[in-house]
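Chemist: Sharing final30.csv, CSV, N, CA and C atoms:
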```
chain,number,residue,atom,x,y,z
A,14,MET,N,10.9,29.5,-8.7
A,14,MET,CA,10.5,28.2,-8.9
A,14,MET,C,9.6,27.8,-7.7
A,15,SER,N,8.4,27.2,-8.0
A,15,SER,CA,7.5,26.9,-6.9
A,15,SER,C,7.9,25.7,-6.2
A,16,ALA,N,7.4,25.5,-4.9
A,16,ALA,CA,7.8,24.4,-4.1
A,16,ALA,C,7.3,23.1,-4.8
A,17,ALA,N,6.2,23.1,-5.5
A,17,ALA,CA,5.7,21.9,-6.1
A,17,ALA,C,6.7,21.4,-7.2
A,18,SER,N,7.3,22.3,-7.9
A,18,SER,CA,8.2,21.9,-9.0
A,18,SER,C,9.5,21.4,-8.5
A,19,THR,N,9.9,21.7,-7.2
A,19,THR,CA,11.1,21.2,-6.7
A,19,THR,C,10.9,19.9,-5.9
A,20,THR,N,9.6,19.5,-5.7
A,20,THR,CA,9.3,18.3,-4.9
A,20,THR,C,9.2,17.1,-5.9
A,21,SER,N,9.8,16.0,-5.6
A,21,SER,CA,9.8,14.8,-6.5
A,21,SER,C,8.4,14.3,-6.7
A,22,ILE,N,8.2,13.6,-7.8
A,22,ILE,CA,6.9,12.9,-8.0
A,22,ILE,C,6.6,12.0,-6.9
A,23,ALA,N,7.6,11.2,-6.4
A,23,ALA,CA,7.4,10.3,-5.3
A,23,ALA,C,7.0,11.0,-4.0
A,24,ALA,N,7.6,12.1,-3.7
A,24,ALA,CA,7.3,12.9,-2.5
A,24,ALA,C,5.9,13.3,-2.5
A,25,GLN,N,5.4,13.9,-3.7
A,25,GLN,CA,4.1,14.3,-3.8
A,25,GLN,C,3.1,13.1,-3.7
A,26,GLY,N,3.4,12.0,-4.4
A,26,GLY,CA,2.6,10.8,-4.3
A,26,GLY,C,2.5,10.2,-2.9
A,27,VAL,N,3.6,10.2,-2.2
A,27,VAL,CA,3.6,9.7,-0.8
A,27,VAL,C,2.7,10.6,0.1
A,28,ALA,N,2.7,11.9,-0.1
A,28,ALA,CA,1.8,12.8,0.6
A,28,ALA,C,0.4,12.4,0.4
A,29,ARG,N,0.1,12.2,-0.9
A,29,ARG,CA,-1.3,11.8,-1.2
A,29,ARG,C,-1.7,10.4,-0.6
A,30,TRP,N,-0.7,9.5,-0.7
A,30,TRP,CA,-0.9,8.1,-0.1
A,30,TRP,C,-1.2,8.2,1.4
A,31,HIS,N,-0.4,9.0,2.1
A,31,HIS,CA,-0.6,9.2,3.6
A,31,HIS,C,-2.0,9.8,3.9
A,32,ASP,N,-2.4,10.7,3.1
A,32,ASP,CA,-3.7,11.3,3.2
A,32,ASP,C,-4.8,10.3,3.0
A,33,CYS,N,-4.7,9.5,2.0
A,33,CYS,CA,-5.7,8.4,1.8
A,33,CYS,C,-5.8,7.5,3.0
A,34,VAL,N,-4.6,7.1,3.5
A,34,VAL,CA,-4.6,6.1,4.6
A,34,VAL,C,-5.2,6.8,5.9
A,35,ALA,N,-4.8,8.0,6.1
A,35,ALA,CA,-5.2,8.7,7.4
A,35,ALA,C,-6.7,8.9,7.4
A,36,ARG,N,-7.3,9.3,6.2
A,36,ARG,CA,-8.7,9.6,6.1
A,36,ARG,C,-9.5,8.4,5.7
A,37,ARG,N,-8.8,7.2,5.4
A,37,ARG,CA,-9.5,6.0,4.9
A,37,ARG,C,-10.4,6.4,3.7
A,38,ASP,N,-9.8,7.2,2.8
A,38,ASP,CA,-10.5,7.7,1.7
A,38,ASP,C,-10.3,6.8,0.5
A,39,PHE,N,-11.2,5.8,0.3
A,39,PHE,CA,-11.0,4.8,-0.7
A,39,PHE,C,-11.2,5.3,-2.1
A,40,ALA,N,-12.0,6.4,-2.3
A,40,ALA,CA,-12.2,7.0,-3.6
A,40,ALA,C,-10.9,7.7,-4.0
A,41,ALA,N,-10.3,8.4,-3.1
A,41,ALA,CA,-9.0,9.1,-3.4
A,41,ALA,C,-7.9,8.0,-3.6
A,42,LEU,N,-8.0,6.9,-2.9
A,42,LEU,CA,-7.0,5.8,-3.1
A,42,LEU,C,-7.2,5.3,-4.6
A,43,ARG,N,-8.4,5.0,-5.0
A,43,ARG,CA,-8.6,4.6,-6.4
A,43,ARG,C,-8.1,5.6,-7.4
A,44,ALA,N,-8.3,6.9,-7.1
A,44,ALA,CA,-7.9,7.9,-8.0
A,44,ALA,C,-6.3,8.0,-8.1
A,45,LEU,N,-5.7,7.5,-7.0
A,45,LEU,CA,-4.2,7.6,-7.0
A,45,LEU,C,-3.6,6.4,-7.7
A,46,LEU,N,-4.3,5.4,-8.0
A,46,LEU,CA,-3.8,4.2,-8.7
A,46,LEU,C,-3.9,4.4,-10.3
A,47,ALA,N,-2.8,4.0,-11.0
A,47,ALA,CA,-2.9,4.0,-12.4
A,47,ALA,C,-3.8,2.8,-12.8
A,48,ASP,N,-4.4,2.9,-14.0
A,48,ASP,CA,-5.2,1.8,-14.5
A,48,ASP,C,-4.5,0.5,-14.6
A,49,ASP,N,-3.2,0.5,-15.0
A,49,ASP,CA,-2.4,-0.7,-15.1
A,49,ASP,C,-1.5,-1.0,-14.0
A,50,VAL,N,-1.8,-0.5,-12.8
A,50,VAL,CA,-0.9,-0.7,-11.6
A,50,VAL,C,-0.7,-2.2,-11.4
A,51,ARG,N,0.5,-2.5,-10.9
A,51,ARG,CA,0.9,-3.9,-10.5
A,51,ARG,C,1.1,-3.9,-9.0
A,52,PHE,N,0.4,-4.9,-8.4
A,52,PHE,CA,0.5,-5.0,-6.9
A,52,PHE,C,1.2,-6.3,-6.6
A,53,HIS,N,2.2,-6.3,-5.7
A,53,HIS,CA,3.0,-7.4,-5.3
A,53,HIS,C,2.7,-7.6,-3.8
A,54,SER,N,1.9,-8.7,-3.5
A,54,SER,CA,1.5,-9.0,-2.1
A,54,SER,C,2.6,-9.9,-1.5
A,55,PRO,N,2.8,-9.7,-0.2
A,55,PRO,CA,3.8,-10.5,0.5
A,55,PRO,C,3.4,-12.0,0.6
A,56,PHE,N,2.2,-12.3,0.4
A,56,PHE,CA,1.8,-13.7,0.5
A,56,PHE,C,1.2,-14.4,-0.7
A,57,LEU,N,1.3,-13.7,-1.9
A,57,LEU,CA,0.9,-14.3,-3.1
A,57,LEU,C,2.2,-14.4,-4.0
A,58,TRP,N,2.3,-15.5,-4.7
A,58,TRP,CA,3.5,-15.8,-5.5
A,58,TRP,C,3.5,-15.1,-6.8
A,59,ARG,N,2.3,-14.6,-7.2
A,59,ARG,CA,2.2,-13.9,-8.5
A,59,ARG,C,1.6,-12.5,-8.3
A,60,PRO,N,2.1,-11.4,-8.9
A,60,PRO,CA,1.5,-10.1,-8.7
A,60,PRO,C,0.1,-10.0,-9.3
A,61,LYS,N,-0.6,-9.1,-8.8
A,61,LYS,CA,-2.0,-8.8,-9.3
A,61,LYS,C,-1.9,-7.5,-10.2
A,62,ASP,N,-2.6,-7.5,-11.3
A,62,ASP,CA,-2.5,-6.4,-12.2
A,62,ASP,C,-3.9,-5.7,-12.3
A,63,GLY,N,-3.8,-4.4,-12.3
A,63,GLY,CA,-5.0,-3.6,-12.5
A,63,GLY,C,-5.5,-2.8,-11.3
A,64,LYS,N,-6.1,-1.7,-11.6
A,64,LYS,CA,-6.6,-0.8,-10.5
A,64,LYS,C,-7.6,-1.4,-9.6
A,65,ALA,N,-8.6,-2.1,-10.2
A,65,ALA,CA,-9.7,-2.7,-9.4
A,65,ALA,C,-9.2,-3.6,-8.3
A,66,VAL,N,-8.4,-4.6,-8.7
A,66,VAL,CA,-7.9,-5.6,-7.8
A,66,VAL,C,-6.9,-5.0,-6.8
A,67,THR,N,-6.0,-4.1,-7.3
A,67,THR,CA,-5.1,-3.5,-6.4
A,67,THR,C,-5.8,-2.7,-5.3
A,68,ALA,N,-6.8,-1.9,-5.7
A,68,ALA,CA,-7.6,-1.2,-4.7
A,68,ALA,C,-8.2,-2.1,-3.7
A,69,GLU,N,-8.8,-3.2,-4.1
A,69,GLU,CA,-9.4,-4.1,-3.1
A,69,GLU,C,-8.4,-4.6,-2.1
A,70,TYR,N,-7.2,-5.0,-2.6
A,70,TYR,CA,-6.1,-5.5,-1.7
A,70,TYR,C,-5.7,-4.4,-0.7
A,71,LEU,N,-5.5,-3.2,-1.2
A,71,LEU,CA,-5.1,-2.1,-0.3
A,71,LEU,C,-6.2,-1.7,0.7
A,72,ILE,N,-7.4,-1.7,0.2
A,72,ILE,CA,-8.6,-1.4,1.1
A,72,ILE,C,-8.7,-2.5,2.2
A,73,ALA,N,-8.5,-3.8,1.8
A,73,ALA,CA,-8.5,-4.9,2.8
A,73,ALA,C,-7.4,-4.7,3.8
A,74,ALA,N,-6.2,-4.3,3.3
A,74,ALA,CA,-5.1,-4.1,4.3
A,74,ALA,C,-5.4,-3.0,5.3
A,75,MET,N,-6.1,-2.0,4.8
A,75,MET,CA,-6.5,-0.9,5.7
A,75,MET,C,-7.4,-1.3,6.7
A,76,HIS,N,-8.2,-2.3,6.4
A,76,HIS,CA,-9.2,-2.9,7.4
A,76,HIS,C,-8.5,-3.8,8.4
A,77,VAL,N,-7.5,-4.6,8.0
A,77,VAL,CA,-7.0,-5.6,8.9
A,77,VAL,C,-5.8,-5.1,9.7
A,78,LEU,N,-5.1,-4.2,9.2
A,78,LEU,CA,-3.9,-3.7,9.9
A,78,LEU,C,-4.3,-2.7,10.9
A,79,GLU,N,-4.1,-3.1,12.2
A,79,GLU,CA,-4.4,-2.2,13.3
A,79,GLU,C,-3.2,-1.4,13.7
A,80,ASP,N,-3.4,-0.2,14.2
A,80,ASP,CA,-2.4,0.7,14.7
A,80,ASP,C,-1.3,0.9,13.6
A,81,LEU,N,-1.7,0.9,12.3
A,81,LEU,CA,-0.7,1.1,11.2
A,81,LEU,C,0.0,2.5,11.4
A,82,THR,N,1.3,2.4,11.5
A,82,THR,CA,2.1,3.6,11.7
A,82,THR,C,3.3,3.6,10.8
A,83,TYR,N,3.4,4.7,10.0
A,83,TYR,CA,4.6,4.8,9.2
A,83,TYR,C,5.7,5.5,10.0
A,84,HIS,N,6.9,5.0,9.9
A,84,HIS,CA,8.0,5.5,10.7
A,84,HIS,C,9.1,6.2,9.9
A,85,ARG,N,9.5,5.7,8.8
A,85,ARG,CA,10.6,6.3,8.0
A,85,ARG,C,10.2,6.2,6.5
A,86,GLU,N,10.7,7.1,5.7
A,86,GLU,CA,10.5,7.0,4.3
A,86,GLU,C,11.7,7.5,3.6
A,87,ALA,N,12.0,7.0,2.4
A,87,ALA,CA,13.0,7.4,1.5
A,87,ALA,C,12.5,7.4,0.1
A,88,HIS,N,12.8,8.4,-0.6
A,88,HIS,CA,12.4,8.4,-2.0
A,88,HIS,C,13.4,9.1,-2.9
A,89,ASP,N,13.4,8.6,-4.2
A,89,ASP,CA,14.1,9.3,-5.2
A,89,ASP,C,13.1,9.8,-6.2
A,90,GLY,N,13.4,10.1,-7.4
A,90,GLY,CA,12.5,10.7,-8.3
A,90,GLY,C,11.1,10.2,-8.4
A,91,THR,N,11.0,8.8,-8.6
A,91,THR,CA,9.6,8.3,-8.8
A,91,THR,C,9.3,7.1,-7.9
A,92,THR,N,10.3,6.7,-7.0
A,92,THR,CA,10.1,5.6,-6.1
A,92,THR,C,10.2,6.0,-4.7
A,93,ALA,N,9.3,5.4,-3.8
A,93,ALA,CA,9.4,5.6,-2.4
A,93,ALA,C,9.4,4.3,-1.6
A,94,MET,N,10.1,4.3,-0.5
A,94,MET,CA,10.1,3.2,0.4
A,94,MET,C,9.7,3.7,1.7
A,95,LEU,N,8.6,3.0,2.3
A,95,LEU,CA,8.0,3.4,3.5
A,95,LEU,C,8.0,2.3,4.5
A,96,GLU,N,8.7,2.5,5.7
A,96,GLU,CA,8.7,1.5,6.7
A,96,GLU,C,7.5,1.7,7.6
A,97,PHE,N,6.8,0.6,7.9
A,97,PHE,CA,5.6,0.7,8.8
A,97,PHE,C,5.6,-0.4,9.9
A,98,SER,N,4.8,-0.2,10.9
A,98,SER,CA,4.5,-1.2,11.8
A,98,SER,C,3.0,-1.3,12.0
A,99,ALA,N,2.5,-2.4,12.4
A,99,ALA,CA,1.1,-2.6,12.6
A,99,ALA,C,0.9,-3.9,13.5
A,100,LYS,N,-0.4,-4.1,13.8
A,100,LYS,CA,-0.8,-5.3,14.5
A,100,LYS,C,-1.9,-6.0,13.7
A,101,VAL,N,-1.8,-7.3,13.8
A,101,VAL,CA,-2.9,-8.2,13.3
A,101,VAL,C,-3.3,-9.0,14.5
A,102,GLY,N,-4.5,-8.7,15.1
A,102,GLY,CA,-4.8,-9.4,16.3
A,102,GLY,C,-3.8,-9.0,17.4
A,103,GLU,N,-3.2,-10.0,18.0
A,103,GLU,CA,-2.2,-9.8,19.1
A,103,GLU,C,-0.8,-9.8,18.5
A,104,LEU,N,-0.6,-10.0,17.2
A,104,LEU,CA,0.7,-10.1,16.7
A,104,LEU,C,1.2,-8.8,16.1
A,105,SER,N,2.4,-8.4,16.3
A,105,SER,CA,3.0,-7.2,15.8
A,105,SER,C,3.8,-7.6,14.5
A,106,LEU,N,3.8,-6.7,13.6
A,106,LEU,CA,4.6,-6.9,12.4
A,106,LEU,C,5.3,-5.6,11.9
A,107,LYS,N,6.3,-5.8,11.1
A,107,LYS,CA,7.0,-4.6,10.5
A,107,LYS,C,6.9,-4.9,9.0
A,108,GLY,N,7.0,-3.8,8.3
A,108,GLY,CA,6.9,-4.0,6.8
A,108,GLY,C,7.5,-2.8,6.1
A,109,ILE,N,7.6,-3.0,4.8
A,109,ILE,CA,8.1,-2.0,3.9
A,109,ILE,C,7.1,-1.9,2.7
A,110,ASP,N,6.7,-0.7,2.3
A,110,ASP,CA,5.9,-0.5,1.1
A,110,ASP,C,6.9,0.1,0.1
A,111,ILE,N,7.0,-0.5,-1.1
A,111,ILE,CA,7.8,0.1,-2.1
A,111,ILE,C,6.8,0.6,-3.2
A,112,ILE,N,6.7,1.9,-3.4
A,112,ILE,CA,5.7,2.4,-4.3
A,112,ILE,C,6.4,3.2,-5.4
A,113,ARG,N,6.1,2.8,-6.6
A,113,ARG,CA,6.6,3.5,-7.8
A,113,ARG,C,5.5,4.3,-8.5
A,114,PHE,N,5.8,5.6,-8.8
A,114,PHE,CA,4.8,6.5,-9.3
A,114,PHE,C,5.1,6.8,-10.8
A,115,GLY,N,4.1,6.9,-11.6
A,115,GLY,CA,4.3,7.3,-13.0
A,115,GLY,C,4.5,8.8,-13.1
A,116,THR,N,4.8,9.3,-14.3
A,116,THR,CA,5.1,10.7,-14.5
A,116,THR,C,3.8,11.5,-14.2
A,117,ASP,N,2.6,10.9,-14.2
A,117,ASP,CA,1.4,11.6,-13.9
A,117,ASP,C,1.1,11.6,-12.4
A,118,GLY,N,2.0,11.0,-11.6
A,118,GLY,CA,1.8,11.1,-10.1
A,118,GLY,C,1.0,9.9,-9.6
A,119,ARG,N,0.5,9.1,-10.4
A,119,ARG,CA,-0.3,7.9,-10.0
A,119,ARG,C,0.6,6.7,-9.7
A,120,ILE,N,0.1,5.8,-8.8
A,120,ILE,CA,0.9,4.6,-8.5
A,120,ILE,C,0.9,3.6,-9.6
A,121,VAL,N,2.1,3.2,-10.1
A,121,VAL,CA,2.1,2.2,-11.2
A,121,VAL,C,2.6,0.9,-10.6
A,122,GLU,N,3.2,0.9,-9.5
A,122,GLU,CA,3.6,-0.4,-8.9
A,122,GLU,C,3.7,-0.2,-7.4
A,123,PHE,N,3.1,-1.3,-6.7
A,123,PHE,CA,3.1,-1.2,-5.2
A,123,PHE,C,3.5,-2.6,-4.7
A,124,GLU,N,4.6,-2.6,-4.0
A,124,GLU,CA,5.1,-3.9,-3.4
A,124,GLU,C,5.2,-3.8,-1.9
A,125,VAL,N,4.7,-4.9,-1.3
A,125,VAL,CA,4.7,-5.0,0.2
A,125,VAL,C,5.6,-6.1,0.7
A,126,MET,N,6.4,-5.9,1.7
A,126,MET,CA,7.2,-6.9,2.3
A,126,MET,C,7.0,-6.8,3.8
A,127,VAL,N,6.8,-8.0,4.5
A,127,VAL,CA,6.4,-8.1,5.9
A,127,VAL,C,7.2,-9.1,6.6
A,128,ARG,N,7.5,-8.8,7.9
A,128,ARG,CA,8.2,-9.7,8.7
A,128,ARG,C,7.6,-9.6,10.1
A,129,PRO,N,7.8,-10.4,11.1
A,129,PRO,CA,8.3,-11.8,10.9
A,129,PRO,C,7.3,-12.7,10.3
A,130,PHE,N,7.7,-13.9,10.1
A,130,PHE,CA,6.9,-14.9,9.4
A,130,PHE,C,5.5,-15.1,10.1
A,131,LYS,N,5.5,-15.2,11.5
A,131,LYS,CA,4.3,-15.3,12.2
A,131,LYS,C,3.3,-14.2,11.9
A,132,GLY,N,3.9,-13.0,11.9
A,132,GLY,CA,3.0,-11.8,11.5
A,132,GLY,C,2.5,-11.9,10.1
A,133,LEU,N,3.4,-12.3,9.2
A,133,LEU,CA,2.9,-12.5,7.8
A,133,LEU,C,1.8,-13.5,7.7
A,134,THR,N,2.0,-14.6,8.4
A,134,THR,CA,0.9,-15.7,8.4
A,134,THR,C,-0.4,-15.1,8.9
A,135,ALA,N,-0.3,-14.4,10.0
A,135,ALA,CA,-1.6,-13.8,10.5
A,135,ALA,C,-2.2,-12.8,9.5
A,136,LEU,N,-1.3,-12.0,8.9
A,136,LEU,CA,-1.8,-11.0,7.9
A,136,LEU,C,-2.4,-11.8,6.7
A,137,ALA,N,-1.8,-12.8,6.3
A,137,ALA,CA,-2.4,-13.6,5.1
A,137,ALA,C,-3.8,-14.1,5.5
A,138,GLU,N,-3.9,-14.7,6.6
A,138,GLU,CA,-5.2,-15.2,7.0
A,138,GLU,C,-6.3,-14.1,7.2
A,139,ALA,N,-5.9,-13.0,7.8
A,139,ALA,CA,-6.8,-11.9,8.0
A,139,ALA,C,-7.2,-11.3,6.6
A,140,MET,N,-6.2,-11.2,5.7
A,140,MET,CA,-6.5,-10.6,4.4
A,140,MET,C,-7.4,-11.5,3.6
A,141,GLN,N,-7.2,-12.8,3.7
A,141,GLN,CA,-8.1,-13.7,2.9
A,141,GLN,C,-9.6,-13.6,3.4
A,142,LYS,N,-9.8,-13.5,4.7
A,142,LYS,CA,-11.1,-13.3,5.3
A,142,LYS,C,-11.7,-12.0,4.8
A,143,GLN,N,-10.9,-10.9,4.9
A,143,GLN,CA,-11.4,-9.6,4.5
A,143,GLN,C,-11.7,-9.5,3.0
A,144,LEU,N,-10.8,-10.1,2.2
A,144,LEU,CA,-11.1,-10.1,0.8
A,144,LEU,C,-12.3,-10.8,0.4
A,145,ALA,N,-12.5,-12.0,1.1
A,145,ALA,CA,-13.8,-12.7,0.9
A,145,ALA,C,-15.0,-11.9,1.3
A,146,ALA,N,-14.9,-11.2,2.4
A,146,ALA,CA,-16.0,-10.3,2.8
A,146,ALA,C,-16.3,-9.2,1.8
A,147,GLN,N,-15.2,-8.8,1.1
A,147,GLN,CA,-15.4,-7.7,0.1
A,147,GLN,C,-15.8,-8.4,-1.3
A,148,GLY,N,-15.9,-9.7,-1.3
A,148,GLY,CA,-16.3,-10.3,-2.6
A,148,GLY,C,-15.2,-10.5,-3.6
A,149,VAL,N,-13.9,-10.5,-3.1
A,149,VAL,CA,-12.7,-10.7,-3.9
A,149,VAL,C,-12.1,-12.0,-3.7
A,150,ALA,N,-11.9,-12.7,-4.8
A,150,ALA,CA,-11.2,-14.0,-4.8
A,150,ALA,C,-9.7,-13.8,-4.6
A,151,GLY,N,-9.1,-14.3,-3.5
A,151,GLY,CA,-7.7,-14.0,-3.2
A,151,GLY,C,-6.9,-15.0,-3.9
```
Just give me the structure of the file as structure tokens.

Modeler:
Amino acid sequence: MSAASTTSIAAQGVARWHDCVARRDFAALRALLADDVRFHSPFLWRPKDGKAVTAEYLIAAMHVLEDLTYHREAHDGTTAMLEFSAKVGELSLKGIDIIRFGTDGRIVEFEVMVRPFKGLTALAEAMQKQLAAQGVAG
């Protein structure tokens, strides 16, 4: 049995996610997203649906989160939870990405949770500015 066949869909997807983030490879990020992906933002009350808008939010996050570092991860068959820390300006924050992968290995759902509130507020403001710069209505 090959190593790939014994590795979960989530583990394979997370490896691809980390590669996209490390290389800031936005084309690979878009390829990793399912067409009907659902994105749950920590500062929007309604999820965003679709590859195009999800990609824009994730790309904006890559621009505004400084010193983004993943610390721990856990995954089962198709879902991964990744703990991270980052800075927005002078404020530090901690967060969790919950990523669900489809059977084809692409991301079908991406949810972000962030604390503390002051860090979340700074992130929301920075994201709104970055999304506007990208031409996306937040």

Chemist: If you run DSSP over the backbone, which residues in range 15-151 of chain A end up alpha helix (DSSP H)? Put them as a VMD selection string.

Modeler: chain A and resid 16 to 19 22 to 36 39 to 45 64 to 77 130 to 146

Chemist: Quote the spacing between atom N of Ala99 in chain A and atom N of Gly148 in chain A in Å to one decimal place.

Modeler: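 Result for atom N of Ala99 in chain A versus atom N of Gly148 in chain A: 24.1 Å, one decimal.
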
Chemist: If you measure from atom C of Ala139 in chain A to atom C of Ala87 in chain A, what distance in Å do you get, rounded to one decimal?

Modeler: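 Interatomic distance, atom C of Ala139 in chain A to atom C of Ala87 in chain A: 27.9 Å.
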
Chemist: Using all atoms listed in the file, which residues sit within 8 Å of Arg119 in chain A once same-chain residues fewer than 5 positions away are excluded, as a ChimeraX atom specification?

Modeler: /A:22,26,44-48,50,113-114

Chemist: Neighbours of Phe56 in chain A within 12 Å (only C-alpha atoms; same-chain residues fewer than 6 positions away dropped), as a list in words?

Modeler: Tyr70, Glu124, Val125, Met126, Val127, Arg128, Phe130, Gly132, Leu133, Thr134, Ala135, Leu136, Ala137, Glu138, Ala139, Met140, Gln141 and Gly151 of chain A

Chemist: Hey, can you check how far atom N of Phe97 in chain A sits from atom C of Asp80 in chain A?

Modeler: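 Those two atoms sit 9.9 Å apart.
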
Chemist: Please return, as a PyMOL selection string, all residues of range 59-136 of chain A that DSSP assigns to strand (DSSP E or B) on the basis of the backbone.

Modeler: chain A and resi 61-62+79-88+92-101+104-114+120-128

Chemist: Can you tell me, as a list in words, which residues sit within 7 Å of (3.7, -2.2, -16.6) in the file's frame, using all atoms listed in the file?

Modeler: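 Protein and nucleic acid residues near the point are Asp49, Val50, Arg51 and Val121 of chain A.
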
Chemist: Using only C-alpha atoms, which of A:Ala68, A:Val149, A:Leu78, A:Leu106 sits nearest Phe123 in chain A?

Modeler: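 Among the listed residues, A:Ala68 lies closest to Phe123 in chain A.
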